[in-house]
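> The structure follows.
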Amino acid sequence: MEEPLVKIHYWLYPISWIYGMGVRLRNKLFDWGYYQSKSFDVPVVCIGNLAVGGTGKTPHTEYLIKLLQQTGTSVAMLSRGYKRKSKGYILATEETDVKRIGDEPYQIKNKFPAIRVAVDENRCHGIEQLMKLDHPKVDVVLLDDAYQHRYVKAGLNILLTDFHRLFSDDTLLPAGRLREPESGKNRAHIVIVTKCPEDIKPIDFNIITKRLKLYPYQQLYFSSFRYGALTPLFGEKRRTLASLEKDEQVLLVTGIASPAPLVEKLKMHTPHVNLCQFDDHHDFSSKDLQAIKERFERLEGKRKLIITTEKDATRLQHHPALAETLKPYLYILPIEIEFLQNQQHIFNQNIIGYVRAHSRNSSLPAR
């Protein structure tokens with residue numbers, strides 16, 4: 001395994017040290033009981049990470065939703081609704097606007113209309129509201145990006161770390177990208193190394209396992225992205241990635257933290273990938289849409305298309321400044337995850353077993 005290319009801003013270490021002192025004190029106050037963590041009479045699964053930026057939380061959350069729905073479990077997903085234009089608790093409906101709940105909750109509600117999706121910056125209050133729902137009652141709450149939100153005592157903490165930037169190779173903000181010290185990993189019940197490359201070697205699994213230094217009570221899994229069919233944002237006819245021609249020009253429009261794996265995947269099918277990158281969770285302006293239009297029109301050749309992510313599509317689909325001339329060329333590339341080393345069955349059984357053992361619904365089927 002090659003050494004990770006982790007960019008550390010060493011001159012910012014003094015600020016990181018001060019930041020780390022504050023975070024460590026906060027964690028100790030929770031550990032000592034000065035700050036109280038609240039438990040709930042419903043299974044709570046937290047999916048998060050130690051670092052800022054994308055580690056694949058949304059695809060992993062969607063995997064859990066699909067898995068639990070297959071068992072007849074009534075699933076709820078609670079998020080703070082990052083960058084939403086609202087405050088307080090909101091239970092999403094099919095009519096809820098993306099600006100009211102944020103792009104990731106909006107995406108999940110659209111893909112899984114049968115589940116409850118809510119946002120609340122106060123996670124304890126949000127869970128209390130979800131537990132009041134009936135017909136059916138909520139069997140499990142999935143907490144999105146709440147690993148540092150310790151006011152909720154989750155029954156199962158799932159910690160994600162990027163293969164290309166393991167938390168063991170990183171350092172605290174602002175010198176690095178860690179929100180809290182590496183020791184925060186000790187609260188996790190499950191650790192998943194995400195975004196593993198397709199050609200990962202068997203020895204890499206052993207190297208990473210040693211680097212992470214997990215305790216015996218912690219389970220370690222490895223996952224990689226699997227890309228679905230290109231789906232038109234305005235239309236019905238899908239395309240496989242394999243259908244991309246070598247002379248086909250792609251404008252990749254992203255507002256995600258780490259577009260590099262996506263660029264690499266597309267370049268396996270066509271060398272003409274033009275990245276139009278925005279900040280994570282970027283709120284597209286009319287000026288941005290005009291710039292996208294101009295860049296697309298400058299692409300050479302007759303065969304060209306625009307590809308974006310599901311998350312970005314939630315902010316583009318109903319944008320009033322999206323040109324009608326672009327709509328026939330706009331495609332979404334869905335992302336799913338798959339577990340490596342034949343770990344999927346073990347992971348599934350651990351999740352289902354935890355939910356079944358702690359659910360208020362005694363009728364959940366055994367597996």
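By convention in this document, the chains of the structure tokens carry letters A, B, ... by their order, each chain's residues are numbered from 1, and ligands are numbered from 1 in the order they are shown.
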Quick one: everything within 9 Å of stretch 39-52 of chain A, counting only C-alpha atoms, minus sequence neighbours fewer than 6 positions away in the same chain. Send it as a VMD selection string.

chain A and resid 60 to 61 124 127 to 128 131 138 to 148 151 to 161 167 170 172 to 173 176 to 182 184 to 185 257 351 354 to 360

> Using only C-alpha atoms, find each residue in stretch 29-134 of chain A having at least one atom no more than 12 Å away from stretch 275-280 of chain A; report its shortest atom-to-atom pair and that distance in Å (one decimal), rows by chain then rising number, as CSV.


residue,atom,partner,partner_atom,distance
A:Val52,CA,A:Asp280,CA,10.5
A:Gly53,CA,A:Asp280,CA,7.8
A:Gly54,CA,A:Asp280,CA,8.4
A:Tyr82,CA,A:Asp280,CA,10.5
A:Lys83,CA,A:Asp280,CA,10.3
A:Asp103,CA,A:Asp280,CA,10.7
A:Glu104,CA,A:Asp280,CA,11.4

> State, in Å with one decimal place, the distance from atom CA of A:Tyr221 to atom CA of A:Thr55.

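About the pair atom CA of A:Tyr221 and atom CA of A:Thr55: they are 14.0 Å apart.
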
> Contacts between stretch 316-333 of chain A and stretch 29-106 of chain A, please, where a residue of stretch 29-106 of chain A counts if it comes within 12 Å (with only C-alpha atoms); show its shortest atom pair and distance in Å to one decimal, rows by chain and ascending number, as a Markdown table.


| residue | atom | partner | partner_atom | distance |
| --- | --- | --- | --- | --- |
| A:Asp97 | CA | A:His318 | CA | 9.6 |
| A:Val98 | CA | A:His318 | CA | 9.3 |
| A:Lys99 | CA | A:His318 | CA | 11.0 |
| A:Asp103 | CA | A:Leu316 | CA | 10.4 |
| A:Tyr106 | CA | A:Gln317 | CA | 11.9 |

> Restrict the selected residues to C-alpha atoms and save them as an mmCIF file, in the first residue's frame.


data_model
loop_
_atom_site.group_PDB
_atom_site.id
_atom_site.type_symbol
_atom_site.label_atom_id
_atom_site.label_comp_id
_atom_site.auth_asym_id
_atom_site.auth_seq_id
_atom_site.Cartn_x
_atom_site.Cartn_y
_atom_site.Cartn_z
ATOM 1 C CA ASP A 97 -38.663 22.010 -0.623
ATOM 2 C CA VAL A 98 -34.929 21.188 -0.653
ATOM 3 C CA LYS A 99 -34.101 24.567 0.891
ATOM 4 C CA ASP A 103 -29.871 18.487 0.004
ATOM 5 C CA TYR A 106 -34.183 15.826 0.397
#

> Extract, using only C-alpha atoms, all DNA, RNA and protein residues at most 12 Å from A:Lys265, discarding same-chain residues fewer than 6 positions from it, and format them as a CSV table (one decimal) with N, CA, C and O atoms, in the first residue's frame.


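What landed in part_26.csv:
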chain,number,residue,atom,x,y,z
A,195,LYS,N,-14.5,4.1,0.3
A,195,LYS,CA,-13.8,4.5,-1.0
A,195,LYS,C,-12.6,3.7,-1.3
A,195,LYS,O,-11.6,4.2,-1.9
A,197,PRO,N,-10.2,1.4,-3.4
A,197,PRO,CA,-10.1,1.2,-4.8
A,197,PRO,C,-10.4,-0.2,-5.2
A,197,PRO,O,-10.4,-1.1,-4.4
A,198,GLU,N,-10.8,-0.3,-6.5
A,198,GLU,CA,-11.2,-1.6,-7.0
A,198,GLU,C,-10.0,-2.6,-7.0
A,198,GLU,O,-10.2,-3.8,-6.9
A,225,PHE,N,-17.2,2.2,-3.6
A,225,PHE,CA,-18.3,2.7,-4.4
A,225,PHE,C,-18.6,1.8,-5.6
A,225,PHE,O,-17.7,1.3,-6.2
A,226,ARG,N,-19.9,1.7,-5.8
A,226,ARG,CA,-20.4,1.0,-7.1
A,226,ARG,C,-21.3,2.0,-7.8
A,226,ARG,O,-22.2,2.6,-7.1
A,227,TYR,N,-21.0,2.3,-9.0
A,227,TYR,CA,-21.7,3.3,-9.7
A,227,TYR,C,-22.8,2.7,-10.6
A,227,TYR,O,-22.6,1.7,-11.2
A,228,GLY,N,-24.0,3.3,-10.5
A,228,GLY,CA,-25.2,2.8,-11.2
A,228,GLY,C,-25.2,3.3,-12.7
A,228,GLY,O,-24.2,3.9,-13.2
A,241,LEU,N,-22.5,3.3,-18.0
A,241,LEU,CA,-21.2,4.0,-18.1
A,241,LEU,C,-20.4,3.4,-19.3
A,241,LEU,O,-19.7,4.2,-20.0
A,242,ALA,N,-20.6,2.1,-19.5
A,242,ALA,CA,-19.9,1.5,-20.7
A,242,ALA,C,-20.4,2.1,-22.0
A,242,ALA,O,-19.6,1.9,-23.0
A,244,LEU,N,-20.5,5.2,-22.8
A,244,LEU,CA,-19.8,6.4,-23.1
A,244,LEU,C,-18.7,6.1,-24.1
A,244,LEU,O,-17.9,5.1,-24.0
A,252,LEU,N,-18.5,17.4,-15.9
A,252,LEU,CA,-18.8,16.9,-14.6
A,252,LEU,C,-19.1,18.1,-13.6
A,252,LEU,O,-18.1,18.8,-13.3
A,259,PRO,N,-14.4,15.0,-5.3
A,259,PRO,CA,-14.8,14.5,-6.6
A,259,PRO,C,-13.8,13.7,-7.4
A,259,PRO,O,-14.1,13.1,-8.4
A,271,PRO,N,-11.7,9.9,-22.0
A,271,PRO,CA,-10.6,10.8,-21.5
A,271,PRO,C,-11.1,12.2,-21.4
A,271,PRO,O,-10.4,13.0,-20.8
A,273,VAL,N,-13.0,14.4,-19.7
A,273,VAL,CA,-13.8,14.7,-18.5
A,273,VAL,C,-13.4,16.1,-18.0
A,273,VAL,O,-12.3,16.3,-17.7
A,333,LEU,N,-25.4,10.4,-11.9
A,333,LEU,CA,-24.6,9.1,-11.7
A,333,LEU,C,-24.8,8.7,-10.3
A,333,LEU,O,-24.2,9.2,-9.4
A,335,ILE,N,-24.6,6.5,-6.8
A,335,ILE,CA,-23.6,5.8,-6.1
A,335,ILE,C,-24.1,4.9,-5.1
A,335,ILE,O,-25.0,5.3,-4.3

> Taking the backbone alone, and naming residues the way the document does, which bits of stretch 131-204 of chain A are helix (DSSP H, G or I) by DSSP, as a PyMOL selection string?

chain A and resi 131+167-169+182-187+202-204

> Would you save the residues of that selection, restricted to N, CA and C atoms, as a PDB file, in the first residue's frame?


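selection-v6.pdb, freshly written:
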ATOM      1  N   MET A 131     -40.385   9.834  17.886  1.00  0.00           N
ATOM      2  CA  MET A 131     -40.938   8.752  18.705  1.00  0.00           C
ATOM      3  C   MET A 131     -42.438   8.938  18.970  1.00  0.00           C
ATOM      4  N   PHE A 167      -8.119   8.398   9.367  1.00  0.00           N
ATOM      5  CA  PHE A 167      -7.994   9.297  10.518  1.00  0.00           C
ATOM      6  C   PHE A 167      -6.665   9.098  11.249  1.00  0.00           C
ATOM      7  N   SER A 168      -6.090   7.913  11.100  1.00  0.00           N
ATOM      8  CA  SER A 168      -4.801   7.635  11.741  1.00  0.00           C
ATOM      9  C   SER A 168      -3.650   8.392  11.084  1.00  0.00           C
ATOM     10  N   ASP A 169      -3.859   8.883   9.868  1.00  0.00           N
ATOM     11  CA  ASP A 169      -2.823   9.620   9.144  1.00  0.00           C
ATOM     12  C   ASP A 169      -3.087  11.119   9.129  1.00  0.00           C
ATOM     13  N   GLU A 182      -7.853  11.662  17.300  1.00  0.00           N
ATOM     14  CA  GLU A 182      -8.007  10.282  16.837  1.00  0.00           C
ATOM     15  C   GLU A 182      -8.613   9.390  17.906  1.00  0.00           C
ATOM     16  N   SER A 183      -8.398   9.717  19.170  1.00  0.00           N
ATOM     17  CA  SER A 183      -8.942   8.904  20.259  1.00  0.00           C
ATOM     18  C   SER A 183     -10.466   8.858  20.240  1.00  0.00           C
ATOM     19  N   GLY A 184     -11.093   9.779  19.519  1.00  0.00           N
ATOM     20  CA  GLY A 184     -12.550   9.755  19.395  1.00  0.00           C
ATOM     21  C   GLY A 184     -13.052   8.482  18.741  1.00  0.00           C
ATOM     22  N   LYS A 185     -12.162   7.781  18.040  1.00  0.00           N
ATOM     23  CA  LYS A 185     -12.544   6.519  17.401  1.00  0.00           C
ATOM     24  C   LYS A 185     -12.987   5.483  18.417  1.00  0.00           C
ATOM     25  N   ASN A 186     -12.578   5.654  19.662  1.00  0.00           N
ATOM     26  CA  ASN A 186     -12.872   4.645  20.685  1.00  0.00           C
ATOM     27  C   ASN A 186     -14.364   4.533  20.995  1.00  0.00           C
ATOM     28  N   ARG A 187     -15.143   5.543  20.625  1.00  0.00           N
ATOM     29  CA  ARG A 187     -16.603   5.485  20.859  1.00  0.00           C
ATOM     30  C   ARG A 187     -17.314   4.642  19.807  1.00  0.00           C
ATOM     31  N   PRO A 202      -4.714  -7.654  -1.040  1.00  0.00           N
ATOM     32  CA  PRO A 202      -4.966  -8.302   0.257  1.00  0.00           C
ATOM     33  C   PRO A 202      -4.088  -7.768   1.377  1.00  0.00           C
ATOM     34  N   ILE A 203      -2.839  -7.442   1.068  1.00  0.00           N
ATOM     35  CA  ILE A 203      -1.950  -6.953   2.113  1.00  0.00           C
ATOM     36  C   ILE A 203      -2.384  -5.597   2.655  1.00  0.00           C
ATOM     37  N   ASP A 204      -3.097  -4.812   1.808  1.00  0.00           N
ATOM     38  CA  ASP A 204      -3.561  -3.497   2.241  1.00  0.00           C
ATOM     39  C   ASP A 204      -4.528  -3.594   3.410  1.00  0.00           C
TER      40      ASP A 204
END

> I'd like to know which residues of stretch 156-194 of chain A are strand (DSSP E or B) (by DSSP, run on the backbone); could you write them as a list in words?

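In stretch 156-194 of chain A, DSSP puts these residues in strand (DSSP E or B): Leu156, Asn157, Ile158, Leu159, Leu160, Thr161, Asp162, Arg165, Leu172, Leu178, Ile190, Val191, Ile192, Val193 and Thr194 of chain A.
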